[in-house]
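*Asks:* Just dropping this structure here.
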Amino acid sequence: MTPYSLAFYVNVVSTGTLLGARPTDTPERVTKAMGSRFGENSFDPRSMWRDYGLVEFFWQRAEAGEPWVGHHFTVQVHRLAHRDRTLISETLRERYGRFTPRLRFEKLRRLLERRGVPLVEVPDPANAPYYRVFWQPESRVAVTVIAGYGEYTTPDNLRVGDVYSIIAPMTDAEVEWRKAQGA
């Protein structure tokens, strides 16, 4: 993996932002950071997400016509295993270069630890034993990792130890809820 794409992942996990865009930012602010090439999706007038290929941003609002409020973003790392070069937006490619098909969790963890950014494992009872979740308390970012192979449960093109996704934010309340569920 190139140092540049690793820098992308380290930056996301350590800051809880993506190219400076926070999970709570408006659609306009995210477009300014990520660019204007995206697919826009909605199940109803109160929720929306924009798909930038590797990255998705999500918003909610109380009623149609109200302003959008940022909810979270997800870096869909598992999509890279399909080797589709169009998944990496021009904005990300210009800044970080080439991305490889897999991100090994231990490599990411080592780089984060060297920078003083620890990851803490939190229970994921709904997806165990196939996935494990690690959380960065200061940035409130969660990293989901393939923990075991399960037919129809985990992607065939990923290996145990590969990062599946990176999500921001995972709140303190969600971590506590997960701990209570896993007890």
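By order of appearance in the structure tokens: chains A, B, ..., then residues from 1 within every chain, and ligands from 1 in the order shown.
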For the structure I just gave you, how does DSSP split segment 12-177 of chain A - specifically, which residues are alpha helix (DSSP H)? Reply as a PyMOL selection string.
*Replies:* chain A and resi 12-15+27-34+90-96+105-114+172-177
*Asks:* For Leu119 of chain A, list every protein, DNA or RNA residue within 6 Å, evaluated using only C-alpha atoms, and leave out those in the same chain fewer than 5 positions away; present the list as a PyMOL selection string.
*Replies:* chain A and resi 134-136
*Asks:* Give me the residues near Leu80 of chain A as a list in words, where near means some atom within 7 Å (using only C-alpha atoms) and where sequence neighbours in that chain fewer than 4 positions away do not count.
*Replies:*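 In the requested form, the answer reads Asp84, Pro101 and Arg102 of chain A.
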*Asks:* For Leu103 of chain A, list every protein, DNA or RNA residue within 8 Å, evaluated using only C-alpha atoms, and leave out those in the same chain fewer than 3 positions away; present the list as a list in words.
*Replies:*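 Counting only the stated atoms, we get Met1, Val77, Thr100, Lys107, Leu108, Asp162 and Val163 of chain A.
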*Asks:* Any chance you could list, as a PyMOL selection string, the residues in chain A that come up strand (DSSP E) when DSSP is run on the backbone?
*Replies:* chain A and resi 39-44+47-51+55-60+69-75+120-122+131-136+141-146+163-168
